[in-house]
Each structure stands twice: as C-alpha cells, then as structure tokens.
Amino acid sequence: MFSKKREGTRDSANKGKRKKKRDECEEPAQLSSVLEDEEVKRTVREAWRNKSHYKHGDLELDCRPFPHCIIKNFLGSESFIENLQKELLQLNFHDKSNDLYKFKQSDDLRKRTEPHIAGLRSAVFGIFRLWLGDVLGAELEATVDISCAKYEYTDVLLCHDDELEGRRVAFILYLVPPWESSDGGCLHLYSTDSNVQPLLTAKSLIPSRNTLVLFEVSPVSFHQVSEVLSQDKCRLSLSGWFHGPSLERPPRYVEPQIQRSPHLPRDETVLLEWINPVYLDVSYQEQIQEEFEESSEIQLKDFLKEDKFKEVNDALRLSGIDWRRRGPANKRCYDAACLESVPQVVKDFWELLCAESFFLLLSNFTGLRLHFLCPNDEDEEKDQDETTNGSAIRDPAEPSIPKCHGELRRWSHGCYTLLHDGEAAQAEFALDLLLPFCCADWPPEFGGYTCYVANGEDEELLSVYPEENSLALVYRDKETLRFVKHVNHKVAHDSADRNFCDFSFVYYE
C-alpha cells in the first residue's frame with residue numbers, strides 16, 4: 001500500500017514535470033488589448049444580441065448580412081507573427097480539391113508542439129474562447145478545431161454555410177502580405193432570399209495581415225473565399241471552429257423538381273438529317289451497346305454531321321441569345337439559354353434530342369428501355385416464365401413512359417455546380433447526355449469538366465471533358481452524383497470572353 005502510494009506520487013510529480021516542460025516550449029501569445037476591456041465586451045454582447053453595429057478601436061461588429069466580428073491587430077507582437085508564420089510554412093501541406101474547394105491544407109494543428117503554433121492554439125481556445133462565450137451567452141467547448149490553409153493562384157472555396165453538427169462559430173486569422181481586392185481571395189458574405197438561400201454578395205472582406213474574422217454558424221451564414229487571382233501572392237491563414245450548441249434552423253429548402261417531358265413525335269428522318277451515318281448502322285449500335293453495358297459510359301466522337309455541328313456551333317456564338325444566370329450560389333452558377341431566344345437551327349437540334357426516334361437510338365446505344373420498341377431483360381424473363389407456365393396473362397399496370405429534361409448551358413470564368421443534400425435525396429437511375437459546342441482546345445486545367453462521384457466520397461469515379469462534337473453518355477445509379485468543376489481564372493487569362501456551351505439532357509426509363 002505504501003509502495004503504491006509512493007509510485008502514484010512519483011507519477012504525479014513526473015506528469016507535473018512533463019506539463020511544465022510543455023509549457024516552457026509554448027511561446028505565450030499576447031492578444032489584442034481590446035479583449036481585456038470589460039465595457040467593450042459588455043457592449044459587444046448587447047450589440048450582438050440586438051443585431052446592431054458597433055465599433056471600438058480595432059474591433060468592429062457588423063450584423064449585415066449576418067453577424068460577424070472583425071478584430072484587427074489580433075496578435076500583439078509582430079515578432080510572434082513572423083515566427084508563427086515560419087513554423088506554419090514548414091508544415092506539410094496537402095492538396096485539397098473537390099466540387100466545393102481547391103487549396104492546400106496543413107497537417108492537423110491540434111497536437112503540434114512548435115512554440116508559436118502551440119501558444120496561439122492555447123490563447124485562441126483558452127482565454128479568447130471564454131471571451132467569445134461571454135459575448136454570445138453560450139458555453140463553447142474546449143474542442144480544438146484549427147488548421148492552416150494556403151490559397152494560391154486559382155484556389156477557391158465556393159459558397160456554403162459551414163453548418164455541421166457542433167459548429168457554433170467560424171473564425172479565420174489572416175497571415176497575408178499586403179493584399180488588394182484585385183488579388184482575389186476575399187471573404188464574400190451573402191444575403192439570403194425568402195427561402196433562406198444565398199442571393200447576392202452583400203459584403204466583401206479583403207484579407208489583412210493579423211486580422212481575425214469570426215461569425216456564428218447559422219442557416220444564413222453563406223460565404224465563400226473568392227478565387228485567388230494573384231500569381232505571386234500566397235493567402236496564408238489559420239481557420240477553424242468553436243464548438244457548442246448549434247443554432248436552431250428551419251427545415252432545409254427543397255427545390256421544386258424539374259419538369260420532365262415525354263418524347264416529341266419525330267421519325268427517323270430527323271436522325272438522317274443530323275447524325276453521322278456511322279452511328280445509324282445497326283451492327284455498330286450493337287457494338288456501342290456492348291461497350292456501354294460494360295462500363296456504363298461512352299463517348300461518341302464526331303457524333304453530328306460536320307456541317308450540322310458547324311451550323312449550331314456558329315449560331316451559339318450569336319449575340320441575340322438570352323442567357324440567364326442560374327443559382328443559388330450554394331448549388332450552381334452558370335448561364336442557361338432562354339429557348340425562345342435561340343436561332344432556329346438550335347431549336348431544331350433541341351427537337352432532335354427530344355425526338356421519339358432519338359429516344360429509340362439511345363435505347364439501341366445503351367440497352368436502356370427509353371422506347372417501347374426496346375425490350376428489357378425483365379420482359380424477356382417474364383415472357384419465358386409465362387410460356388413455361390402455359391400462361392399469357394399480362395400485368396395490367398401501365399408501363400412507365402420514358403421522359404427527359406434538358407438545358408442549353410454556357411460556361412465561363414466563375415461558373416460551377418456543387419453537390420448538395422437535395423440532389424442526393426432525389427437521386428435516381430438516369431442517363432446523362434452531354435454534347436459541348438464552342439470548346440475547341442479547351443484544356444482540363446481551365447475547369448468546366450463534369451465529375452462523377454459516389455455519394456459521400458471525394459474520389460472521382462469518372463471525368464468527362466469538353467470535346468468538340470463528342471457525345472458523352474453516362475448511366476448513373478442512386479448513389480452516383482455529378483458536378484461541374486469551377487471554371488477558373490486561367491480561362492480569362494487566355495481570353496477575356498472565352499466560354500463554351502453544352503446541351504445537358506437527362507433521360508429516364
């Protein structure tokens with residue numbers, strides 16, 4: 001008993017020594033003196049509660065478009081900032097890229113032992129967390145959630161609200177060189193519409209060295225980091241979240257389903273007019289179907305007759321087309337053509353994609369039942385069973401009617417689509433068709449290509465790149481989603497008005 005007690009005492013002493021050693025390695029971070037002023041804290045608390053503007057010295061609270069606080073000169077020592085920056089730049093950074101973002105992120109900072117990183121972490125999640133909890137009237141957890149990010153040329157973080165279970169306040173500390181709005185990389189804050197969807201950029205915050213920006217994570221906290229346009233500056237920052245009780249949110253808005261249409265009554269004459277004859281050969285269609293059934297995707301090059309492709313291509317360059325921006329920004333950003341405004345040859349091509357004979361052609365390409373003349377495996381098995389059982393009784397239920405919906409889209413600098421919860425919830429079996437125009441010599445590094453991913457995963461299953469007169473067909477199941485990668489500044493650097501168009505259709509059995 002005595003021996004055990006002595007061991008416990010010795011263990012406690014050793015723990016104390018280890019803690020003291022850690023503390024000695026940690027360089028204390030001195031925070032802005034404005035945080036020590038009790039009167040300022042009381043006033044900020046009242047202003048936050050009342051959603052009113054307040055400014056005192058280096059601290060400013062603005063509640064438009066949603067409450068956010070800016071603290072300049074957050075760290076009190078320039079030498080501390082310089083050493084912190086050196087430690088951060090020596091970390092390993094990893095490329096992060098998906099539908100929402102592209103940037104470089106450091107290893108986890110939660111347990112880093114570098115003196116200035118450790119000192120900042122202790123100050124932010126210690127004394128500053130307590131100050132912030134008092135301001136918000138909420139108990140913030142001691143959970144450490146912080147990382148370092150480098151945004152360089154064409155890096156971006158698109159529109160989102162940051163909402164995730166347990167996140168209460170988001171923060172970012174800038175460690176940038178002198179920065180201007182023309183460098184990009186600004187923090188855009190969005191206003192919202194009546195459906196609590198992002199509407200417009202209501203405020204743009206230019207990164208400023210040693211400035212901390214924070215805001216409550218809420219149903220309206222839509223924001224983005226605009227694309228970095230400078231080719232020689234690095235937007236270095238520390239960011240993370242304080243965890244605590246989440247704010248109540250209304251049910252998420254569900255967009256109305258896009259209307260689907262059955263085929264138009266057009267015979268094979270329209271196919272003979274538009275489509276490369278090689279694809280109308282029955283034996284070649286069988287070959288295509290075998291390949292498609294093997295991989296669930298195929299690209300058919302030189303799909304349209306050369307003269308017809310050129311007609312549409314030239315027509316899409318005309319200035320009279322009414323292009324309308326599609327949003328909201330947390331789901332998509334591109335231009336869609338108003339069909340009433342497009343030239344007649346474009347309308348004729350649209351009709352081809354909706355034609356009954358084209359539905360049948362797609363059935364022959366894919367083996368999908370997009371036309372009543374195309375039997376499926378279930379019908380063949382059923383017929384065989386009925387013959388075996390000596391029965392010829394048919395199911396009286398009406399067969400499903402194949403339908404489609406489509407868009408004529410234009411992709412230029414800043415355009416994209418994002419994965420979102422509503423899309424995942426409504427996912428179903430479908431055949432995607434993509435046919436680009438005006439995309440000659442469009443390199444992958446511009447973005448604008450379509451990525452397919454498994455629901456909940458970042459790894460790409462398939463990428464479809466814009467290619468002149470190349471028809472892409474992709475069959476996706478309920479667990480497969482798609483997005484169009486952000487079209488970055490390299491396209492504007494190549495040509496100020498560079499863009500391409502595509503016809504995007506979805507067919508359902």
# chains A, B, ... in the order shown; residues from 1 in each chain; ligands from 1
$ select_by_dssp --residues "segment 123-307 of chain A" --states "alpha helix (DSSP H)" --output "ChimeraX atom specification"
/A:123,129-136,269-274,282-295,306-307
$ write_last_selection --atoms "N, CA, C and O atoms" --output "CSV table (one decimal), in the first residue's frame"
chain,number,residue,atom,x,y,z
A,123,ALA,N,-4.0,30.2,-26.6
A,123,ALA,CA,-4.7,31.5,-26.4
A,123,ALA,C,-6.1,31.5,-27.1
A,123,ALA,O,-7.1,32.0,-26.5
A,129,ARG,N,-11.6,31.9,-26.3
A,129,ARG,CA,-12.9,31.1,-26.3
A,129,ARG,C,-13.8,31.6,-25.1
A,129,ARG,O,-15.0,31.7,-25.3
A,130,LEU,N,-13.2,31.8,-23.9
A,130,LEU,CA,-14.1,32.3,-22.8
A,130,LEU,C,-14.7,33.7,-23.1
A,130,LEU,O,-15.8,33.9,-22.8
A,131,TRP,N,-13.8,34.6,-23.7
A,131,TRP,CA,-14.3,35.9,-24.0
A,131,TRP,C,-15.5,35.8,-25.0
A,131,TRP,O,-16.5,36.4,-24.8
A,132,LEU,N,-15.3,35.0,-26.0
A,132,LEU,CA,-16.4,34.8,-27.0
A,132,LEU,C,-17.6,34.2,-26.5
A,132,LEU,O,-18.7,34.6,-26.8
A,133,GLY,N,-17.5,33.2,-25.6
A,133,GLY,CA,-18.6,32.6,-25.0
A,133,GLY,C,-19.4,33.6,-24.2
A,133,GLY,O,-20.7,33.6,-24.2
A,134,ASP,N,-18.7,34.5,-23.5
A,134,ASP,CA,-19.4,35.5,-22.7
A,134,ASP,C,-20.2,36.5,-23.6
A,134,ASP,O,-21.3,36.9,-23.4
A,135,VAL,N,-19.6,36.8,-24.8
A,135,VAL,CA,-20.2,37.7,-25.7
A,135,VAL,C,-21.5,37.0,-26.3
A,135,VAL,O,-22.6,37.7,-26.4
A,136,LEU,N,-21.4,35.8,-26.6
A,136,LEU,CA,-22.6,35.1,-27.2
A,136,LEU,C,-23.6,34.6,-26.2
A,136,LEU,O,-24.7,34.2,-26.6
A,269,THR,N,-36.3,10.4,-89.9
A,269,THR,CA,-35.9,11.4,-90.9
A,269,THR,C,-35.0,12.4,-90.2
A,269,THR,O,-33.9,12.8,-90.8
A,270,VAL,N,-35.3,12.8,-89.0
A,270,VAL,CA,-34.5,13.7,-88.2
A,270,VAL,C,-33.1,13.2,-87.9
A,270,VAL,O,-32.1,13.9,-87.9
A,271,LEU,N,-33.0,11.9,-87.7
A,271,LEU,CA,-31.7,11.3,-87.4
A,271,LEU,C,-30.9,11.3,-88.7
A,271,LEU,O,-29.7,11.6,-88.6
A,272,LEU,N,-31.5,11.0,-89.8
A,272,LEU,CA,-30.7,11.0,-91.1
A,272,LEU,C,-30.2,12.4,-91.4
A,272,LEU,O,-29.1,12.6,-92.0
A,273,GLU,N,-30.9,13.4,-91.0
A,273,GLU,CA,-30.6,14.8,-91.3
A,273,GLU,C,-29.4,15.2,-90.4
A,273,GLU,O,-28.5,16.0,-90.9
A,274,TRP,N,-29.3,14.8,-89.2
A,274,TRP,CA,-28.3,15.3,-88.2
A,274,TRP,C,-27.1,14.5,-87.9
A,274,TRP,O,-26.0,15.0,-87.6
A,282,VAL,N,-26.8,-0.5,-87.6
A,282,VAL,CA,-27.3,-1.4,-86.6
A,282,VAL,C,-26.2,-2.2,-85.9
A,282,VAL,O,-26.1,-2.3,-84.7
A,283,SER,N,-25.3,-2.7,-86.8
A,283,SER,CA,-24.2,-3.6,-86.2
A,283,SER,C,-23.3,-2.7,-85.3
A,283,SER,O,-22.8,-3.2,-84.3
A,284,TYR,N,-23.1,-1.4,-85.7
A,284,TYR,CA,-22.2,-0.6,-84.9
A,284,TYR,C,-22.9,-0.2,-83.6
A,284,TYR,O,-22.3,-0.1,-82.6
A,285,GLN,N,-24.3,0.0,-83.7
A,285,GLN,CA,-25.0,0.3,-82.5
A,285,GLN,C,-24.9,-0.9,-81.5
A,285,GLN,O,-24.8,-0.7,-80.2
A,286,GLU,N,-24.9,-2.1,-82.0
A,286,GLU,CA,-24.7,-3.3,-81.1
A,286,GLU,C,-23.4,-3.3,-80.4
A,286,GLU,O,-23.2,-3.6,-79.2
A,287,GLN,N,-22.4,-2.9,-81.2
A,287,GLN,CA,-21.0,-2.8,-80.7
A,287,GLN,C,-20.9,-1.7,-79.5
A,287,GLN,O,-20.3,-1.9,-78.5
A,288,ILE,N,-21.6,-0.6,-79.8
A,288,ILE,CA,-21.6,0.5,-78.8
A,288,ILE,C,-22.3,0.0,-77.5
A,288,ILE,O,-21.9,0.3,-76.4
A,289,GLN,N,-23.4,-0.7,-77.7
A,289,GLN,CA,-24.2,-1.2,-76.6
A,289,GLN,C,-23.4,-2.1,-75.7
A,289,GLN,O,-23.4,-2.0,-74.5
A,290,GLU,N,-22.6,-3.0,-76.3
A,290,GLU,CA,-21.7,-3.9,-75.6
A,290,GLU,C,-20.7,-3.1,-74.7
A,290,GLU,O,-20.5,-3.4,-73.6
A,291,GLU,N,-20.1,-2.1,-75.3
A,291,GLU,CA,-19.1,-1.3,-74.6
A,291,GLU,C,-19.8,-0.5,-73.5
A,291,GLU,O,-19.3,-0.4,-72.4
A,292,PHE,N,-21.0,0.0,-73.8
A,292,PHE,CA,-21.7,0.8,-72.7
A,292,PHE,C,-22.1,-0.1,-71.6
A,292,PHE,O,-21.9,0.4,-70.4
A,293,GLU,N,-22.6,-1.2,-71.8
A,293,GLU,CA,-23.1,-2.1,-70.8
A,293,GLU,C,-21.9,-2.6,-69.9
A,293,GLU,O,-22.1,-2.9,-68.7
A,294,GLU,N,-20.7,-2.6,-70.5
A,294,GLU,CA,-19.5,-3.0,-69.7
A,294,GLU,C,-19.1,-1.9,-68.7
A,294,GLU,O,-18.7,-2.2,-67.6
A,295,SER,N,-19.2,-0.6,-69.1
A,295,SER,CA,-18.6,0.5,-68.3
A,295,SER,C,-19.6,1.5,-67.9
A,295,SER,O,-19.3,2.4,-67.1
A,306,GLU,N,-20.7,16.9,-89.9
A,306,GLU,CA,-19.8,18.1,-89.7
A,306,GLU,C,-20.5,19.4,-90.0
A,306,GLU,O,-20.4,20.4,-89.3
A,307,ASP,N,-21.3,19.4,-91.1
A,307,ASP,CA,-22.0,20.7,-91.5
A,307,ASP,C,-23.0,21.1,-90.4
A,307,ASP,O,-23.2,22.3,-90.1
$ select_by_dssp --residues "segment 72-289 of chain A" --states "strand (DSSP E or B)" --output "PyMOL selection string"
chain A and resi 75+93-97+101-106+146-151+156-160+167-174+184+187-192+198-205+212-216+223-225+228+235-243+261-262+264+275
$ residues_around --residues "Val474 of chain A" --least-positions-apart "5" --cutoff "10 Å" --atoms "only C-alpha atoms" --output "list in words"
Phe292, Ser295, Ser296, Glu297, Ile298, Gln299, Thr366, Ala430, Leu431, Asp432, Leu433, Leu434, Tyr452, Leu462, Val464 and Val506 of chain A
$ residues_around --residues "Asp161 of chain A" --least-positions-apart "2" --cutoff "7 Å" --atoms "only C-alpha atoms" --output "short mmCIF file (atom, residue, chain, number, x, y, z; two decimals) with C-alpha atoms, in the first residue's frame"
data_model
loop_
_atom_site.label_atom_id
_atom_site.label_comp_id
_atom_site.auth_asym_id
_atom_site.auth_seq_id
_atom_site.Cartn_x
_atom_site.Cartn_y
_atom_site.Cartn_z
CA GLU A 163 -23.28 24.16 -40.90
CA PRO A 219 -28.81 28.88 -41.51
CA VAL A 220 -27.95 32.23 -43.16
CA SER A 221 -24.13 32.25 -42.80
CA PHE A 222 -23.47 31.72 -46.52
CA HIS A 223 -19.97 32.79 -47.52
#
$ closest_residue --among "A:Gly185, A:Pro115, A:Gly320, A:Gly448" --to "Arg498 of chain A" --atoms "only C-alpha atoms"
A:Gly448
$ residues_around --residues "segment 100-108 of chain A" --least-positions-apart "6" --cutoff "7 Å" --atoms "only C-alpha atoms" --output "VMD selection string"
chain A and resid 91 to 94 147 to 151 155 to 158 418
$ residues_around --residues "Leu353 of chain A" --least-positions-apart "6" --cutoff "10 Å" --atoms "only C-alpha atoms" --output "PyMOL selection string"
chain A and resi 263-264+270-271+359+362+404-406+433+503-505
$ residues_around --residues "segment 201-205 of chain A" --least-positions-apart "2" --cutoff "8 Å" --atoms "only C-alpha atoms" --output "list in words"
Arg64, Pro65, Cys186, Leu187, His188, Leu189, Tyr190, Ser191, Leu199 and Pro207 of chain A
$ write_last_selection --atoms "C-alpha atoms" --output "mmCIF file, in the first residue's frame"
data_model
loop_
_atom_site.group_PDB
_atom_site.id
_atom_site.type_symbol
_atom_site.label_atom_id
_atom_site.label_comp_id
_atom_site.auth_asym_id
_atom_site.auth_seq_id
_atom_site.Cartn_x
_atom_site.Cartn_y
_atom_site.Cartn_z
ATOM 1 C CA ARG A 64 -25.239 42.748 -42.189
ATOM 2 C CA PRO A 65 -25.775 40.417 -43.968
ATOM 3 C CA CYS A 186 -11.705 37.889 -50.446
ATOM 4 C CA LEU A 187 -14.252 36.600 -47.955
ATOM 5 C CA HIS A 188 -17.666 37.162 -49.532
ATOM 6 C CA LEU A 189 -20.709 37.248 -47.241
ATOM 7 C CA TYR A 190 -24.083 36.566 -48.881
ATOM 8 C CA SER A 191 -27.533 37.958 -48.264
ATOM 9 C CA LEU A 199 -28.862 35.689 -53.035
ATOM 10 C CA PRO A 207 -7.649 39.740 -46.272
#
$ atom_distance --atom1 "atom CA of Gly367 of chain A" --atom2 "atom CA of Arg476 of chain A"
13.9 Å
$ atom_distance --atom1 "atom CA of Asn364 of chain A" --atom2 "atom CA of Pro265 of chain A"
18.0 Å
$ decode --residues "segment 210-252 of chain A" --atoms "N, CA and C atoms" --output "PDB file, in the first residue's frame"
ATOM      1  N   ASN A 210      -2.826  39.834 -39.765  1.00  0.00           N
ATOM      2  CA  ASN A 210      -3.082  39.884 -38.322  1.00  0.00           C
ATOM      3  C   ASN A 210      -4.493  40.379 -38.011  1.00  0.00           C
ATOM      4  N   THR A 211      -5.439  40.069 -38.902  1.00  0.00           N
ATOM      5  CA  THR A 211      -6.849  40.390 -38.654  1.00  0.00           C
ATOM      6  C   THR A 211      -7.626  39.095 -38.475  1.00  0.00           C
ATOM      7  N   LEU A 212      -8.438  39.042 -37.431  1.00  0.00           N
ATOM      8  CA  LEU A 212      -9.294  37.883 -37.164  1.00  0.00           C
ATOM      9  C   LEU A 212     -10.726  38.237 -37.551  1.00  0.00           C
ATOM     10  N   VAL A 213     -11.356  37.353 -38.306  1.00  0.00           N
ATOM     11  CA  VAL A 213     -12.772  37.493 -38.651  1.00  0.00           C
ATOM     12  C   VAL A 213     -13.506  36.279 -38.098  1.00  0.00           C
ATOM     13  N   LEU A 214     -14.655  36.509 -37.451  1.00  0.00           N
ATOM     14  CA  LEU A 214     -15.432  35.391 -36.929  1.00  0.00           C
ATOM     15  C   LEU A 214     -16.910  35.660 -37.145  1.00  0.00           C
ATOM     16  N   PHE A 215     -17.689  34.580 -37.228  1.00  0.00           N
ATOM     17  CA  PHE A 215     -19.144  34.709 -37.346  1.00  0.00           C
ATOM     18  C   PHE A 215     -19.804  33.447 -36.819  1.00  0.00           C
ATOM     19  N   GLU A 216     -21.036  33.608 -36.359  1.00  0.00           N
ATOM     20  CA  GLU A 216     -21.804  32.453 -35.913  1.00  0.00           C
ATOM     21  C   GLU A 216     -22.204  31.603 -37.115  1.00  0.00           C
ATOM     22  N   VAL A 217     -22.071  30.291 -36.959  1.00  0.00           N
ATOM     23  CA  VAL A 217     -22.538  29.364 -37.988  1.00  0.00           C
ATOM     24  C   VAL A 217     -24.052  29.246 -37.839  1.00  0.00           C
ATOM     25  N   SER A 218     -24.769  29.591 -38.897  1.00  0.00           N
ATOM     26  CA  SER A 218     -26.230  29.639 -38.814  1.00  0.00           C
ATOM     27  C   SER A 218     -26.839  29.285 -40.162  1.00  0.00           C
ATOM     28  N   PRO A 219     -28.169  29.175 -40.228  1.00  0.00           N
ATOM     29  CA  PRO A 219     -28.809  28.875 -41.515  1.00  0.00           C
ATOM     30  C   PRO A 219     -28.565  29.937 -42.581  1.00  0.00           C
ATOM     31  N   VAL A 220     -28.136  31.157 -42.173  1.00  0.00           N
ATOM     32  CA  VAL A 220     -27.947  32.230 -43.165  1.00  0.00           C
ATOM     33  C   VAL A 220     -26.473  32.609 -43.347  1.00  0.00           C
ATOM     34  N   SER A 221     -25.548  31.852 -42.754  1.00  0.00           N
ATOM     35  CA  SER A 221     -24.132  32.251 -42.797  1.00  0.00           C
ATOM     36  C   SER A 221     -23.436  31.805 -44.085  1.00  0.00           C
ATOM     37  N   PHE A 222     -24.051  32.098 -45.235  1.00  0.00           N
ATOM     38  CA  PHE A 222     -23.468  31.721 -46.524  1.00  0.00           C
ATOM     39  C   PHE A 222     -22.288  32.645 -46.849  1.00  0.00           C
ATOM     40  N   HIS A 223     -21.189  32.031 -47.230  1.00  0.00           N
ATOM     41  CA  HIS A 223     -19.969  32.786 -47.520  1.00  0.00           C
ATOM     42  C   HIS A 223     -19.110  32.000 -48.488  1.00  0.00           C
ATOM     43  N   GLN A 224     -18.119  32.658 -49.069  1.00  0.00           N
ATOM     44  CA  GLN A 224     -17.149  31.972 -49.913  1.00  0.00           C
ATOM     45  C   GLN A 224     -15.824  32.717 -49.861  1.00  0.00           C
ATOM     46  N   VAL A 225     -14.748  32.002 -50.201  1.00  0.00           N
ATOM     47  CA  VAL A 225     -13.455  32.636 -50.448  1.00  0.00           C
ATOM     48  C   VAL A 225     -13.330  32.754 -51.950  1.00  0.00           C
ATOM     49  N   SER A 226     -13.350  33.976 -52.450  1.00  0.00           N
ATOM     50  CA  SER A 226     -13.289  34.160 -53.903  1.00  0.00           C
ATOM     51  C   SER A 226     -11.946  33.663 -54.442  1.00  0.00           C
ATOM     52  N   GLU A 227     -11.944  33.328 -55.705  1.00  0.00           N
ATOM     53  CA  GLU A 227     -10.752  32.762 -56.347  1.00  0.00           C
ATOM     54  C   GLU A 227      -9.550  33.710 -56.226  1.00  0.00           C
ATOM     55  N   VAL A 228      -8.406  33.152 -55.863  1.00  0.00           N
ATOM     56  CA  VAL A 228      -7.178  33.949 -55.801  1.00  0.00           C
ATOM     57  C   VAL A 228      -6.714  34.225 -57.233  1.00  0.00           C
ATOM     58  N   LEU A 229      -6.550  35.502 -57.549  1.00  0.00           N
ATOM     59  CA  LEU A 229      -6.188  35.919 -58.904  1.00  0.00           C
ATOM     60  C   LEU A 229      -4.714  36.294 -59.022  1.00  0.00           C
ATOM     61  N   SER A 230      -4.068  36.582 -57.899  1.00  0.00           N
ATOM     62  CA  SER A 230      -2.633  36.925 -57.920  1.00  0.00           C
ATOM     63  C   SER A 230      -1.807  35.681 -58.211  1.00  0.00           C
ATOM     64  N   GLN A 231      -0.816  35.835 -59.091  1.00  0.00           N
ATOM     65  CA  GLN A 231       0.034  34.698 -59.429  1.00  0.00           C
ATOM     66  C   GLN A 231       1.302  34.649 -58.587  1.00  0.00           C
ATOM     67  N   ASP A 232       1.498  35.626 -57.707  1.00  0.00           N
ATOM     68  CA  ASP A 232       2.732  35.626 -56.924  1.00  0.00           C
ATOM     69  C   ASP A 232       2.518  35.823 -55.420  1.00  0.00           C
ATOM     70  N   LYS A 233       1.271  35.891 -54.972  1.00  0.00           N
ATOM     71  CA  LYS A 233       0.998  36.040 -53.540  1.00  0.00           C
ATOM     72  C   LYS A 233       0.345  34.776 -52.981  1.00  0.00           C
ATOM     73  N   CYS A 234       0.630  34.507 -51.719  1.00  0.00           N
ATOM     74  CA  CYS A 234       0.037  33.347 -51.037  1.00  0.00           C
ATOM     75  C   CYS A 234      -0.895  33.852 -49.937  1.00  0.00           C
ATOM     76  N   ARG A 235      -2.126  33.412 -49.983  1.00  0.00           N
ATOM     77  CA  ARG A 235      -3.107  33.764 -48.948  1.00  0.00           C
ATOM     78  C   ARG A 235      -3.004  32.730 -47.825  1.00  0.00           C
ATOM     79  N   LEU A 236      -2.157  33.011 -46.858  1.00  0.00           N
ATOM     80  CA  LEU A 236      -1.931  32.105 -45.726  1.00  0.00           C
ATOM     81  C   LEU A 236      -2.883  32.482 -44.602  1.00  0.00           C
ATOM     82  N   SER A 237      -3.515  31.491 -44.012  1.00  0.00           N
ATOM     83  CA  SER A 237      -4.466  31.785 -42.932  1.00  0.00           C
ATOM     84  C   SER A 237      -4.591  30.594 -41.995  1.00  0.00           C
ATOM     85  N   LEU A 238      -5.049  30.887 -40.794  1.00  0.00           N
ATOM     86  CA  LEU A 238      -5.444  29.875 -39.819  1.00  0.00           C
ATOM     87  C   LEU A 238      -6.946  29.960 -39.678  1.00  0.00           C
ATOM     88  N   SER A 239      -7.617  28.838 -39.710  1.00  0.00           N
ATOM     89  CA  SER A 239      -9.075  28.874 -39.597  1.00  0.00           C
ATOM     90  C   SER A 239      -9.568  27.659 -38.837  1.00  0.00           C
ATOM     91  N   GLY A 240     -10.778  27.770 -38.333  1.00  0.00           N
ATOM     92  CA  GLY A 240     -11.364  26.660 -37.598  1.00  0.00           C
ATOM     93  C   GLY A 240     -12.706  27.034 -37.032  1.00  0.00           C
ATOM     94  N   TRP A 241     -13.145  26.270 -36.047  1.00  0.00           N
ATOM     95  CA  TRP A 241     -14.463  26.474 -35.454  1.00  0.00           C
ATOM     96  C   TRP A 241     -14.395  26.324 -33.938  1.00  0.00           C
ATOM     97  N   PHE A 242     -15.216  27.094 -33.267  1.00  0.00           N
ATOM     98  CA  PHE A 242     -15.506  26.857 -31.860  1.00  0.00           C
ATOM     99  C   PHE A 242     -16.787  26.034 -31.808  1.00  0.00           C
ATOM    100  N   HIS A 243     -16.771  25.005 -30.983  1.00  0.00           N
ATOM    101  CA  HIS A 243     -17.914  24.099 -30.922  1.00  0.00           C
ATOM    102  C   HIS A 243     -18.805  24.428 -29.733  1.00  0.00           C
ATOM    103  N   GLY A 244     -20.093  24.207 -29.902  1.00  0.00           N
ATOM    104  CA  GLY A 244     -21.062  24.478 -28.859  1.00  0.00           C
ATOM    105  C   GLY A 244     -22.450  24.152 -29.368  1.00  0.00           C
ATOM    106  N   PRO A 245     -23.475  24.511 -28.603  1.00  0.00           N
ATOM    107  CA  PRO A 245     -24.849  24.218 -29.038  1.00  0.00           C
ATOM    108  C   PRO A 245     -25.171  24.938 -30.348  1.00  0.00           C
ATOM    109  N   SER A 246     -25.666  24.183 -31.322  1.00  0.00           N
ATOM    110  CA  SER A 246     -25.975  24.765 -32.635  1.00  0.00           C
ATOM    111  C   SER A 246     -27.220  25.636 -32.556  1.00  0.00           C
ATOM    112  N   LEU A 247     -27.276  26.637 -33.427  1.00  0.00           N
ATOM    113  CA  LEU A 247     -28.469  27.472 -33.519  1.00  0.00           C
ATOM    114  C   LEU A 247     -29.590  26.699 -34.206  1.00  0.00           C
ATOM    115  N   GLU A 248     -30.817  27.001 -33.804  1.00  0.00           N
ATOM    116  CA  GLU A 248     -31.964  26.327 -34.414  1.00  0.00           C
ATOM    117  C   GLU A 248     -32.077  26.759 -35.868  1.00  0.00           C
ATOM    118  N   ARG A 249     -32.428  25.810 -36.727  1.00  0.00           N
ATOM    119  CA  ARG A 249     -32.569  26.149 -38.133  1.00  0.00           C
ATOM    120  C   ARG A 249     -33.910  25.650 -38.652  1.00  0.00           C
ATOM    121  N   PRO A 250     -34.499  26.367 -39.607  1.00  0.00           N
ATOM    122  CA  PRO A 250     -35.752  25.907 -40.221  1.00  0.00           C
ATOM    123  C   PRO A 250     -35.463  24.705 -41.111  1.00  0.00           C
ATOM    124  N   PRO A 251     -36.512  23.999 -41.536  1.00  0.00           N
ATOM    125  CA  PRO A 251     -36.298  22.884 -42.479  1.00  0.00           C
ATOM    126  C   PRO A 251     -35.596  23.385 -43.733  1.00  0.00           C
ATOM    127  N   ARG A 252     -34.684  22.571 -44.255  1.00  0.00           N
ATOM    128  CA  ARG A 252     -33.959  22.978 -45.455  1.00  0.00           C
ATOM    129  C   ARG A 252     -34.922  23.120 -46.639  1.00  0.00           C
TER     130      ARG A 252
END
